[in-house]
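Asker: Hey, dropping target.cif in here, mmCIF, C-alpha atoms (C1' of nucleotides):
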data_my_file
loop_
_atom_site.label_atom_id
_atom_site.label_comp_id
_atom_site.auth_asym_id
_atom_site.auth_seq_id
_atom_site.Cartn_x
_atom_site.Cartn_y
_atom_site.Cartn_z
CA MET T 1 31.48 208.55 98.63
CA ALA T 2 35.13 208.69 99.49
CA LYS T 3 35.80 210.61 102.65
CA THR T 4 38.68 213.07 102.49
CA GLU T 5 40.94 213.61 105.44
CA THR T 6 40.12 217.27 105.63
CA SER T 7 36.35 216.96 105.70
CA PRO T 8 35.16 217.26 109.30
CA ASP T 9 33.25 214.18 110.32
CA ALA T 10 30.31 215.01 112.52
CA ALA T 11 30.41 211.51 113.97
CA ARG T 12 33.98 212.08 115.15
CA PRO T 13 33.98 215.53 116.76
CA TRP T 14 37.11 214.69 118.78
CA GLN T 15 39.21 214.85 115.62
CA SER T 16 39.01 218.60 115.54
CA TYR T 17 40.14 219.04 119.16
CA HIS T 18 43.88 219.49 118.76
CA THR T 19 46.07 218.49 121.67
CA VAL T 20 49.77 217.73 121.87
CA TYR T 21 49.15 214.33 123.39
CA THR T 22 49.08 212.35 120.16
CA ASN T 23 52.40 213.60 118.77
CA ALA T 24 54.96 210.97 117.99
CA LYS T 25 56.88 210.45 121.21
CA ALA T 26 59.14 207.72 122.49
CA GLY T 27 57.14 204.82 123.89
CA MET T 28 53.90 205.79 122.14
CA ASP T 29 54.17 203.47 119.14
CA GLY T 30 51.43 200.93 119.76
CA VAL T 31 48.99 203.46 121.20
CA ASP T 32 45.46 203.64 119.81
CA LYS T 33 45.59 207.37 119.08
CA GLU T 34 41.99 207.60 117.94
CA LYS T 35 40.85 206.22 121.28
CA VAL T 36 43.12 208.53 123.28
CA GLN T 37 41.91 211.50 121.25
CA ARG T 38 38.28 210.54 121.88
CA ILE T 39 38.72 210.12 125.62
CA VAL T 40 40.67 213.38 125.94
CA TYR T 41 37.87 215.12 124.05
CA GLU T 42 35.09 213.57 126.11
CA VAL T 43 36.75 214.38 129.42
CA SER T 44 37.62 217.94 128.39
CA LYS T 45 34.43 218.89 126.55
CA GLY T 46 32.44 221.70 128.13
CA SER T 47 35.17 222.88 130.51
CA LYS T 48 36.38 226.48 130.59
CA PHE T 49 39.75 225.22 129.39
CA PHE T 50 38.12 223.48 126.43
CA GLU T 51 36.11 226.57 125.49
CA ASN T 52 39.26 228.65 125.52
CA GLU T 53 41.03 226.12 123.32
CA GLU T 54 38.16 226.28 120.83
CA ARG T 55 38.33 230.07 120.80
CA LYS T 56 42.06 229.92 120.05
CA GLU T 57 41.54 227.27 117.37
CA ALA T 58 38.98 229.46 115.64
CA PHE T 59 41.45 232.34 115.62
CA ILE T 60 44.18 230.15 114.12
CA ARG T 61 41.78 228.88 111.44
CA GLN T 62 41.07 232.49 110.49
CA LYS T 63 44.79 233.22 110.32
CA ILE T 64 45.25 230.22 108.03
CA GLU T 65 42.44 231.45 105.76
CA ASN T 66 44.13 234.84 105.44
CA MET T 67 47.38 233.20 104.56
CA ARG T 68 45.82 231.00 101.91
CA SER T 69 44.31 233.97 100.16
CA ARG T 70 47.59 235.88 100.27
CA CYS T 71 49.26 232.78 98.80
CA ALA T 72 46.79 232.71 95.96
CA LYS T 73 47.53 236.36 95.19
CA ILE T 74 51.25 235.72 95.08
CA THR T 75 50.78 232.82 92.70
CA SER T 76 48.48 234.72 90.35
CA ALA T 77 50.81 237.73 90.33
CA ASP T 78 53.53 235.31 89.37
CA SER T 79 51.68 233.85 86.39
CA SER T 80 50.74 237.28 85.08
CA HIS T 81 54.39 238.22 85.40
CA TYR T 82 55.42 235.42 83.09
CA ARG T 83 52.55 236.03 80.66
CA THR T 84 53.13 239.71 80.20
CA HIS T 85 56.87 239.88 80.84
CA LYS T 86 56.22 243.04 82.76
CA THR T 87 57.37 244.02 86.17
CA VAL T 88 54.66 243.26 88.68
CA LYS T 89 53.89 246.18 90.89
CA SER T 90 50.67 248.03 91.73
CA GLY T 91 50.17 246.94 95.33
CA LEU T 92 51.56 243.48 94.77
CA SER T 93 55.00 244.32 96.06
CA SER T 94 55.57 240.65 96.85
CA SER T 95 55.16 238.77 93.61
CA LYS T 96 56.39 235.22 93.64
CA TYR T 97 59.29 236.31 91.45
CA ILE T 98 60.56 238.71 94.08
CA CYS T 99 59.94 236.20 96.87
CA GLU T 100 61.94 233.57 95.08
CA THR T 101 64.90 235.90 94.82
CA VAL T 102 64.68 236.73 98.52
CA ALA T 103 64.34 233.06 99.47
CA GLU T 104 67.25 231.98 97.29
CA LYS T 105 69.47 234.61 98.85
CA ARG T 106 68.59 233.49 102.38
CA ILE T 107 69.14 229.85 101.53
CA VAL T 108 72.59 230.62 100.16
CA GLU T 109 73.41 232.55 103.34
CA LEU T 110 72.22 229.67 105.51
CA GLU T 111 74.13 227.10 103.48
CA ALA T 112 77.30 229.09 104.13
CA THR T 113 76.84 228.61 107.88
CA ARG T 114 76.76 224.82 107.64
CA ASP T 115 79.49 223.37 109.81
CA LEU T 116 80.29 219.65 109.86
CA SER T 117 83.49 219.89 111.86
CA ARG T 118 82.14 219.33 115.38
CA VAL T 119 80.89 216.23 117.19
CA TRP T 120 77.99 216.93 119.54
CA ILE T 121 76.26 214.52 121.87
CA HIS T 122 72.82 215.15 123.34
CA VAL T 123 72.11 212.99 126.38
CA ASP T 124 68.52 212.59 127.52
CA MET T 125 67.59 210.56 130.62
CA ASP T 126 64.76 208.05 130.05
CA ALA T 127 61.52 209.03 131.84
CA PHE T 128 63.77 210.72 134.39
CA TYR T 129 61.51 211.62 137.34
CA ALA T 130 59.62 208.34 137.02
CA ALA T 131 62.85 206.34 136.82
CA VAL T 132 64.23 208.00 139.96
CA GLU T 133 61.00 207.25 141.85
CA THR T 134 61.20 203.61 140.77
CA LEU T 135 64.78 203.40 142.07
CA SER T 136 63.66 204.49 145.51
CA ASN T 137 60.52 202.34 145.44
CA PRO T 138 61.06 199.11 143.48
CA LEU T 139 57.41 198.15 144.03
CA LEU T 140 56.61 200.59 141.23
CA GLU T 141 58.60 198.48 138.77
CA GLY T 142 56.53 197.30 135.81
CA LYS T 143 53.41 199.21 136.83
CA PRO T 144 51.93 202.20 135.02
CA MET T 145 53.02 205.23 137.02
CA ALA T 146 53.17 208.98 136.63
CA VAL T 147 54.96 211.69 138.56
CA GLY T 148 52.55 214.55 139.17
CA SER T 149 49.02 215.08 140.40
CA MET T 150 45.42 214.92 139.22
CA SER T 151 46.04 218.42 137.82
CA MET T 152 49.25 217.84 135.90
CA ILE T 153 51.70 215.08 135.05
CA SER T 154 55.43 215.81 134.72
CA THR T 155 56.62 212.41 133.56
CA ALA T 156 54.99 209.07 132.79
CA ASN T 157 56.89 205.78 132.81
CA TYR T 158 56.86 203.52 129.76
CA GLU T 159 54.11 201.27 131.12
CA ALA T 160 51.87 204.33 131.43
CA ARG T 161 52.81 205.57 127.95
CA LYS T 162 51.28 202.42 126.49
CA PHE T 163 47.92 203.89 127.55
CA GLY T 164 48.68 207.18 125.81
CA ILE T 165 49.65 208.92 129.05
CA ARG T 166 52.45 211.46 128.80
CA ALA T 167 54.05 214.54 130.28
CA ALA T 168 51.93 217.71 130.25
CA MET T 169 48.70 215.72 130.40
CA PRO T 170 46.36 216.50 133.30
CA GLY T 171 46.21 213.64 135.80
CA PHE T 172 42.45 213.23 135.73
CA ILE T 173 42.58 212.53 131.98
CA ALA T 174 45.40 210.05 132.53
CA HIS T 175 43.27 208.37 135.19
CA LYS T 176 40.46 207.96 132.62
CA LEU T 177 42.93 206.38 130.19
CA CYS T 178 44.24 204.01 132.85
CA PRO T 179 42.35 203.73 136.15
CA GLU T 180 45.16 201.67 137.74
CA LEU T 181 47.68 204.46 137.12
CA ILE T 182 49.80 205.13 140.22
CA PHE T 183 50.47 208.79 141.03
CA VAL T 184 53.68 209.84 142.75
CA ARG T 185 54.16 213.41 144.01
CA PRO T 186 57.22 215.12 142.56
CA ASP T 187 60.30 215.38 144.78
CA PHE T 188 62.78 217.75 143.20
CA LYS T 189 65.43 217.25 145.83
CA LYS T 190 65.77 213.65 144.69
CA TYR T 191 65.86 214.61 140.99
CA THR T 192 68.50 217.26 141.62
CA HIS T 193 70.63 214.73 143.48
CA TYR T 194 70.54 212.22 140.61
CA SER T 195 70.98 214.99 138.08
CA ASP T 196 74.20 216.03 139.82
CA LEU T 197 75.46 212.45 139.59
CA THR T 198 74.89 212.40 135.83
CA ARG T 199 76.61 215.78 135.46
CA LYS T 200 79.71 214.42 137.15
CA VAL T 201 79.93 211.93 134.29
CA PHE T 202 79.29 214.58 131.61
CA ARG T 203 82.06 216.76 133.06
CA ARG T 204 84.60 214.02 132.38
CA TYR T 205 83.95 214.32 128.65
CA ASP T 206 83.19 218.02 128.35
CA PRO T 207 83.91 220.30 131.33
CA ASN T 208 81.85 222.99 129.61
CA PHE T 209 78.86 220.76 128.85
CA MET T 210 75.53 222.56 128.76
CA ALA T 211 72.64 221.30 130.81
CA ALA T 212 69.26 222.06 129.23
CA SER T 213 67.29 220.81 132.24
CA LEU T 214 67.75 218.33 135.08
CA ASP T 215 67.66 215.43 132.64
CA GLU T 216 69.19 216.74 129.41
CA ALA T 217 72.64 217.93 128.39
CA TYR T 218 74.66 218.87 125.32
CA LEU T 219 78.33 217.85 125.14
CA ASP T 220 80.90 218.94 122.56
CA VAL T 221 83.17 215.89 122.36
CA THR T 222 85.14 216.93 119.26
CA GLU T 223 88.44 217.23 121.14
CA VAL T 224 87.90 214.01 123.13
CA CYS T 225 87.44 212.15 119.85
CA THR T 226 90.59 213.61 118.32
CA GLU T 227 92.76 213.11 121.39
CA LYS T 228 91.66 209.55 122.07
CA GLY T 229 91.35 208.66 118.39
CA THR T 230 87.82 207.44 119.02
CA SER T 231 84.40 208.07 117.51
CA GLY T 232 81.36 209.95 118.78
CA GLU T 233 79.55 206.64 118.84
CA GLU T 234 82.10 205.13 121.24
CA VAL T 235 82.09 208.20 123.48
CA ALA T 236 78.28 208.13 123.66
CA LYS T 237 78.41 204.47 124.69
CA GLU T 238 80.95 205.28 127.40
CA ILE T 239 78.88 208.16 128.72
CA ARG T 240 75.73 206.06 128.89
CA ALA T 241 77.57 203.25 130.67
CA GLY T 242 79.07 205.78 133.08
CA VAL T 243 75.68 207.32 133.84
CA PHE T 244 74.21 203.89 134.50
CA GLU T 245 77.09 202.97 136.77
CA GLU T 246 76.78 206.18 138.80
CA THR T 247 73.00 206.27 139.05
CA GLY T 248 71.43 202.95 138.03
CA LEU T 249 69.41 204.95 135.50
CA THR T 250 69.34 204.59 131.73
CA CYS T 251 69.60 207.36 129.20
CA SER T 252 69.61 207.82 125.44
CA ALA T 253 72.03 209.73 123.28
CA GLY T 254 72.21 211.38 119.89
CA VAL T 255 75.51 212.02 118.09
CA ALA T 256 75.55 214.63 115.31
CA PRO T 257 77.45 217.63 113.90
CA ASN T 258 75.37 220.13 115.89
CA ARG T 259 72.98 220.45 118.81
CA LEU T 260 69.77 220.67 116.83
CA LEU T 261 70.51 217.39 115.09
CA ALA T 262 71.96 215.71 118.19
CA LYS T 263 68.73 216.40 120.07
CA VAL T 264 66.62 214.92 117.30
CA CYS T 265 68.91 211.86 117.20
CA SER T 266 68.71 211.17 120.94
CA ASP T 267 64.99 210.53 120.56
CA ILE T 268 65.29 207.96 117.78
CA ASN T 269 66.36 204.92 119.79
CA LYS T 270 64.80 205.87 123.10
CA PRO T 271 64.80 204.36 125.70
CA ASN T 272 68.31 203.17 126.54
CA GLY T 273 69.66 203.58 123.01
CA GLN T 274 71.58 205.91 120.77
CA PHE T 275 71.70 207.09 117.17
CA VAL T 276 74.63 208.48 115.21
CA LEU T 277 74.32 210.91 112.32
CA PRO T 278 77.73 211.05 110.62
CA ASN T 279 79.49 214.34 109.81
CA ASN T 280 78.82 213.97 106.15
CA ARG T 281 76.89 216.42 104.01
CA MET T 282 74.92 213.82 102.09
CA ALA T 283 73.84 211.99 105.23
CA VAL T 284 72.80 215.22 106.92
CA VAL T 285 70.80 216.51 103.94
CA THR T 286 68.98 213.18 103.56
CA PHE T 287 68.24 213.06 107.27
CA ILE T 288 66.85 216.60 107.33
CA SER T 289 64.68 216.07 104.24
CA SER T 290 62.29 213.64 105.83
CA LEU T 291 62.34 215.32 109.22
CA PRO T 292 58.92 216.53 110.45
CA ILE T 293 59.00 220.30 110.94
CA ARG T 294 57.92 219.87 114.55
CA LYS T 295 61.44 218.73 115.40
CA VAL T 296 62.95 222.15 114.67
CA ASN T 297 64.28 223.78 117.82
CA ILE T 298 66.20 226.87 118.72
CA LEU T 299 68.53 227.44 121.63
CA THR T 300 70.12 230.39 123.34
CA GLU T 301 73.74 230.79 122.38
CA LYS T 302 75.30 231.22 125.77
CA PRO T 303 74.45 229.52 129.03
CA HIS T 304 73.63 231.22 132.27
CA GLY T 305 76.02 229.40 134.48
CA GLN T 306 75.64 225.82 133.35
CA LEU T 307 72.04 226.13 132.24
CA TYR T 308 71.40 226.17 128.54
CA LEU T 309 67.96 227.23 127.47
CA GLN T 310 65.87 225.53 124.85
CA ILE T 311 63.35 228.03 123.72
CA GLY T 312 61.13 228.37 120.74
CA GLY T 313 61.00 226.08 117.77
CA ILE T 314 58.09 224.94 115.64
CA GLY T 315 55.36 223.97 118.09
CA LYS T 316 51.73 222.95 117.88
CA VAL T 317 50.46 226.23 116.44
CA THR T 318 53.17 226.90 113.85
CA GLU T 319 52.98 223.28 112.72
CA HIS T 320 49.24 223.63 112.22
CA ILE T 321 49.63 226.88 110.27
CA LEU T 322 52.40 225.59 108.00
CA ARG T 323 50.50 222.38 107.29
CA ASP T 324 47.08 223.87 106.59
CA ALA T 325 48.14 227.10 104.90
CA LEU T 326 51.08 225.84 102.85
CA GLY T 327 50.86 222.05 102.94
CA ILE T 328 54.24 221.76 104.62
CA SER T 329 54.99 218.89 107.00
CA THR T 330 58.63 217.99 106.36
CA CYS T 331 61.81 220.02 106.23
CA GLU T 332 62.21 219.21 102.54
CA GLU T 333 58.89 220.90 101.83
CA ILE T 334 60.13 223.96 103.70
CA LEU T 335 62.90 224.26 101.16
CA GLN T 336 60.49 223.76 98.24
CA LYS T 337 58.12 226.45 99.51
CA ALA T 338 60.77 228.80 100.83
CA SER T 339 59.51 231.68 98.68
CA TYR T 340 56.07 231.51 100.30
CA ILE T 341 57.60 231.36 103.76
CA CYS T 342 59.67 234.45 103.04
CA ALA T 343 56.60 236.23 101.71
CA LEU T 344 54.19 235.33 104.50
CA PHE T 345 56.28 235.46 107.68
CA SER T 346 58.43 238.07 109.34
CA HIS T 347 62.19 237.92 108.87
CA SER T 348 62.87 236.26 112.22
CA THR T 349 60.03 233.76 111.97
CA SER T 350 61.00 232.74 108.44
CA GLY T 351 64.60 232.41 109.63
CA LEU T 352 63.48 229.93 112.24
CA GLU T 353 61.43 228.00 109.74
CA LEU T 354 64.22 227.96 107.18
CA SER T 355 66.89 226.92 109.67
CA PRO T 356 66.71 223.20 108.81
CA VAL T 357 67.81 224.10 105.29
CA SER T 358 71.35 224.44 106.52
CA ALA T 359 70.89 221.62 109.05
CA GLN T 360 72.40 224.04 111.48
CA ASP T 361 71.66 225.14 115.03
CA MET T 362 69.34 228.08 115.01
CA LEU T 363 71.00 230.20 117.64
CA LEU T 364 69.99 233.52 119.04
CA THR T 365 72.59 236.11 118.20
CA ASP T 366 73.60 239.48 119.68
CA THR T 367 74.69 237.64 122.81
CA PRO T 368 76.65 239.17 125.65
CA GLU T 369 79.58 237.09 126.96
CA VAL T 370 77.35 235.25 129.34
CA ARG T 371 73.61 235.44 128.94
CA LEU T 372 72.11 236.47 132.24
CA ARG T 373 68.69 235.70 133.58
CA LYS T 374 66.34 238.43 132.44
CA SER T 375 63.40 237.77 134.67
CA ILE T 376 62.33 235.83 137.68
CA SER T 377 58.74 234.97 138.42
CA ASN T 378 56.46 233.06 140.71
CA GLU T 379 52.94 232.13 139.79
CA ARG T 380 49.94 230.37 141.19
CA THR T 381 46.85 229.03 139.47
CA PHE T 382 43.55 229.53 141.25
CA SER T 383 40.06 228.52 140.25
CA ALA T 384 37.95 230.86 138.17
CA THR T 385 36.08 233.50 140.11
CA GLY T 386 34.10 236.66 139.55
CA ASP T 387 34.61 237.69 143.16
CA GLU T 388 36.39 241.03 143.07
CA THR T 389 37.31 240.99 146.76
CA LEU T 390 38.95 237.60 146.36
CA LEU T 391 40.90 238.80 143.32
CA TYR T 392 42.25 241.83 145.20
CA ARG T 393 43.18 239.58 148.08
CA LYS T 394 45.21 237.42 145.67
CA LEU T 395 47.15 240.53 144.65
CA ASP T 396 47.76 241.79 148.19
CA PRO T 397 51.58 241.83 148.68
CA PHE T 398 51.21 240.32 152.14
CA GLU T 399 49.07 237.44 150.82
CA VAL T 400 51.51 236.90 147.95
CA LEU T 401 54.42 236.74 150.37
CA LYS T 402 52.57 234.29 152.61
CA SER T 403 51.83 232.06 149.64
CA ILE T 404 55.45 232.06 148.48
CA GLN T 405 56.68 231.30 151.99
CA ALA T 406 54.22 228.44 152.32
CA ARG T 407 55.50 226.86 149.12
CA THR T 408 59.17 227.31 150.07
CA LEU T 409 58.49 225.67 153.43
CA LYS T 410 56.69 222.77 151.78
CA LYS T 411 59.60 222.18 149.41
CA SER T 412 62.24 222.11 152.16
CA THR T 413 60.28 219.79 154.45
CA ASN T 414 59.15 217.02 152.14
CA SER T 415 61.39 213.98 152.67
"C1'" DA X 1 55.08 250.36 126.35
"C1'" DT X 2 52.20 246.89 127.15
"C1'" DA X 3 49.46 242.78 126.52
"C1'" DC X 4 49.13 238.56 124.46
"C1'" DA X 5 50.81 234.38 122.12
"C1'" DT X 6 54.10 230.70 121.31
"C1'" DA X 7 57.58 227.80 122.87
"C1'" DC X 8 60.56 224.68 125.68
"C1'" DC X 9 61.16 221.19 129.82
"C1'" DG M 1 36.69 218.63 140.42
"C1'" DA M 2 40.83 219.05 138.43
"C1'" DC M 3 44.66 221.57 132.31
"C1'" DT M 4 51.35 223.54 136.22
"C1'" DG M 5 55.31 226.68 136.71
"C1'" DG M 6 59.75 229.26 135.21
"C1'" DT M 7 62.06 231.68 131.57
"C1'" DA M 8 62.44 233.44 127.03
"C1'" DT M 9 61.22 235.43 122.53
"C1'" DG M 10 58.04 237.22 118.95
"C1'" DT M 11 53.89 239.85 117.43
"C1'" DA M 12 50.09 243.07 117.62
"C1'" DT M 13 48.30 247.25 119.16
#
Translate the structure described by the file into structure tokens.

Answerer:
Amino acid sequence: MAKTETSPDAARPWQSYHTVYTNAKAGMDGVDKEKVQRIVYEVSKGSKFFENEERKEAFIRQKIENMRSRCAKITSADSSHYRTHKTVKSGLSSSKYICETVAEKRIVELEATRDLSRVWIHVDMDAFYAAVETLSNPLLEGKPMAVGSMSMISTANYEARKFGIRAAMPGFIAHKLCPELIFVRPDFKKYTHYSDLTRKVFRRYDPNFMAASLDEAYLDVTEVCTEKGTSGEEVAKEIRAGVFEETGLTCSAGVAPNRLLAKVCSDINKPNGQFVLPNNRMAVVTFISSLPIRKVNILTEKPHGQLYLQIGGIGKVTEHILRDALGISTCEEILQKASYICALFSHSTSGLELSPVSAQDMLLTDTPEVRLRKSISNERTFSATGDETLLYRKLDPFEVLKSIQARTLKKSTNS
DNA sequence: ATACATACC
DNA sequence: GACTGGTATGTAT
């Protein structure tokens, strides 16, 4: 009997354990994903973390079931509408007919915001922390290496990625995937130093460039292109050469009419490459059509200081819901099923999901002149305990202070 | 108002 | 044995 993709296979229980580690990522092309998935599952199985993941998965599955049944209702209301030529009401306030009108209106609004007049470059350093560590210790060259600890990995170099190891993976799982993996403790002083060197280069092309993290920045080079009579492609090449000259590190770049697209483009020819999406409606629409929904990101509109936040987007959970409830995996399918999205999600969530329609940055609005930091926090993970005394001790202001001081001291003394 | 969930690096 | 930490937004209750 033919096996369908959706039927759970009891012989392959690891297939139902969803992690982010098998997503398409630069340097992960030749990886045996099935094997990685199996090892991750085997190492994780039975842990408290794993149990919690299963609990969350079950909740999401239930949410998907609800959505599917609401979908079915919308569709049947729709067909009765066309059969009887009567207005559909009686509890079914959201017939497909009404949803389509709402969706069409929103799409028209989004289309109107499309702007192809700017040239944006997104620069993304290649395996940044790992590359910096290799600069200061050339013995690491060519060997699988990760910056982080047995608990958590921040960055893996390309040799390590061949084993399926990547950022946000716990070190002990990475060790199972590659026992020879070298671990290097993070040293943020070093990364900040090299980050500053790259920013000196960025400033030459856009004094108001926006840094999204130590290793990523958005530059508006529209004026540079006009003044010098050059193209975004040429400017990106210059920037990458400049960064290499200043730091000895490689980076990748994406050139596009807006930040959302530029970020997607910088990943295409990683590492040490670039990709240009021309400011041309046809090219942009074609590009967006085949784009996996997971690539959709949103950003805050104004920086605090030089920092530009990348928040939200379609992540693991939303991707799962859209795929299993509505059969959506590309941005083109978002457009086709826009009426369902408008019917099933809140206004702001559907706005996020529909944003690729206009191939436009999804920006947070209602922004003050300069967006200020809204919160500051400091957290510590400790092992599970039922010991009440210990828990209260963790919360004791004096203990908290001591812990923060200890960490601050550690940071300023290493190297 | 508060807790919880999702997201990004 | 071990699944971070900082900041932000959205949703449910």

Asker: Please find the residues of chain X near chain T - the criterion being any atom within 9 Å, counting all atoms listed in the file - and write them as a PDB file with C-alpha atoms (C1' of nucleotides), in the coordinates of the input.

Answerer:
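Contents of the output file iface02.pdb:
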ATOM      1  C1'  DT X   6      54.100 230.700 121.310  1.00  0.00           C
ATOM      2  C1'  DA X   7      57.580 227.800 122.870  1.00  0.00           C
ATOM      3  C1'  DC X   8      60.560 224.680 125.680  1.00  0.00           C
ATOM      4  C1'  DC X   9      61.160 221.190 129.820  1.00  0.00           C
TER       5       DC X   9
END

Asker: Taking only C-alpha atoms (C1' of nucleotides) into account, what are the residues of chain T at most 12 Å from chain M, put as JSON, numbers by chain?

Answerer: {"T": [19, 40, 43, 44, 47, 48, 49, 50, 52, 53, 148, 149, 150, 151, 152, 153, 154, 167, 168, 169, 170, 171, 172, 173, 174, 175, 213, 298, 299, 300, 304, 307, 308, 309, 310, 311, 312, 313, 345, 346, 347, 348, 349, 350, 352, 364, 371, 372, 373, 374, 375, 376, 377, 378, 379, 380, 381, 382, 383]}

Asker: I need the output of the PyMOL selection byres ((chain T and resi 100) around 9) for this file as a PyMOL selection string; which residues are they?

Answerer: chain T and resi 95-99+101-105+338-340+342-343

Asker: Translate the PyMOL selection byres ((chain T and resi 242) around 12), as applied to the file shown, into an explicit residue set as a list in words.

Answerer: Leu197, Thr198, Arg199, Lys200, Val201, Phe202, Arg203, Arg204, Tyr205, Val235, Ala236, Lys237, Glu238, Ile239, Arg240, Ala241, Val243, Phe244, Glu245, Glu246, Thr247, Gly248, Leu249, Thr250 and Cys251 of chain T

Asker: Rounded to one decimal in Å, what is the spacing between CA of Gln62 in chain T and CA of Lys35 in chain T?

Answerer: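 CA of Lys35 in chain T lies at a distance of 28.4 Å from CA of Gln62 in chain T.
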
Asker: Output the residue selection produced by the PyMOL selection byres ((chain T and resi 130) around 12) on the file above, formatted as a ChimeraX atom specification.

Answerer: /T:125-129,131-138,140-148,153-161,166-167,182-188,190-191,215,249-250

Asker: When you draw a straight line from CA of Ala253 in chain T to CA of Leu277 in chain T, how long is it in Å?

Answerer: 11.3 Å

Asker: If we count all atoms listed in the file and set the cut-off at 10 Å, which residues sit around Asn269 in chain T, ignoring sequence neighbours fewer than 4 positions away in its own chain? Please answer as a short mmCIF file (atom, residue, chain, number, x, y, z; two decimals) with C-alpha atoms, in the coordinates of the input.

Answerer:
data_model
loop_
_atom_site.label_atom_id
_atom_site.label_comp_id
_atom_site.auth_asym_id
_atom_site.auth_seq_id
_atom_site.Cartn_x
_atom_site.Cartn_y
_atom_site.Cartn_z
CA ALA T 26 59.14 207.72 122.49
CA SER T 252 69.61 207.82 125.44
CA ALA T 253 72.03 209.73 123.28
CA GLY T 254 72.21 211.38 119.89
CA CYS T 265 68.91 211.86 117.20
CA GLY T 273 69.66 203.58 123.01
CA GLN T 274 71.58 205.91 120.77
CA PHE T 275 71.70 207.09 117.17
#

Asker: Between T:Glu223, T:Ser231, T:Trp14, T:Asn23, which one has atoms that come closest to Gln37 in chain T, using all atoms listed in the file?

Answerer: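 Result for the nearest residue to Gln37 in chain T: T:Trp14.
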
Asker: With a distance cut-off of 9 Å and only C-alpha atoms (C1' of nucleotides), select the neighbouring residues of Ser358 in chain T, excluding the residue or stretch itself and same-chain residues fewer than 2 positions from it, and output the selection as a JSON list (two decimals) with C-alpha atoms, keeping the file's coordinate frame.

Answerer:
[["chain", "number", "residue", "atom", "x", "y", "z"],
["T", 107, "ILE", "CA", 69.14, 229.85, 101.53],
["T", 108, "VAL", "CA", 72.59, 230.62, 100.16],
["T", 109, "GLU", "CA", 73.41, 232.55, 103.34],
["T", 110, "LEU", "CA", 72.22, 229.67, 105.51],
["T", 111, "GLU", "CA", 74.13, 227.10, 103.48],
["T", 112, "ALA", "CA", 77.30, 229.09, 104.13],
["T", 113, "THR", "CA", 76.84, 228.61, 107.88],
["T", 114, "ARG", "CA", 76.76, 224.82, 107.64],
["T", 115, "ASP", "CA", 79.49, 223.37, 109.81],
["T", 285, "VAL", "CA", 70.80, 216.51, 103.94],
["T", 354, "LEU", "CA", 64.22, 227.96, 107.18],
["T", 355, "SER", "CA", 66.89, 226.92, 109.67],
["T", 356, "PRO", "CA", 66.71, 223.20, 108.81],
["T", 360, "GLN", "CA", 72.40, 224.04, 111.48],
["T", 361, "ASP", "CA", 71.66, 225.14, 115.03]]
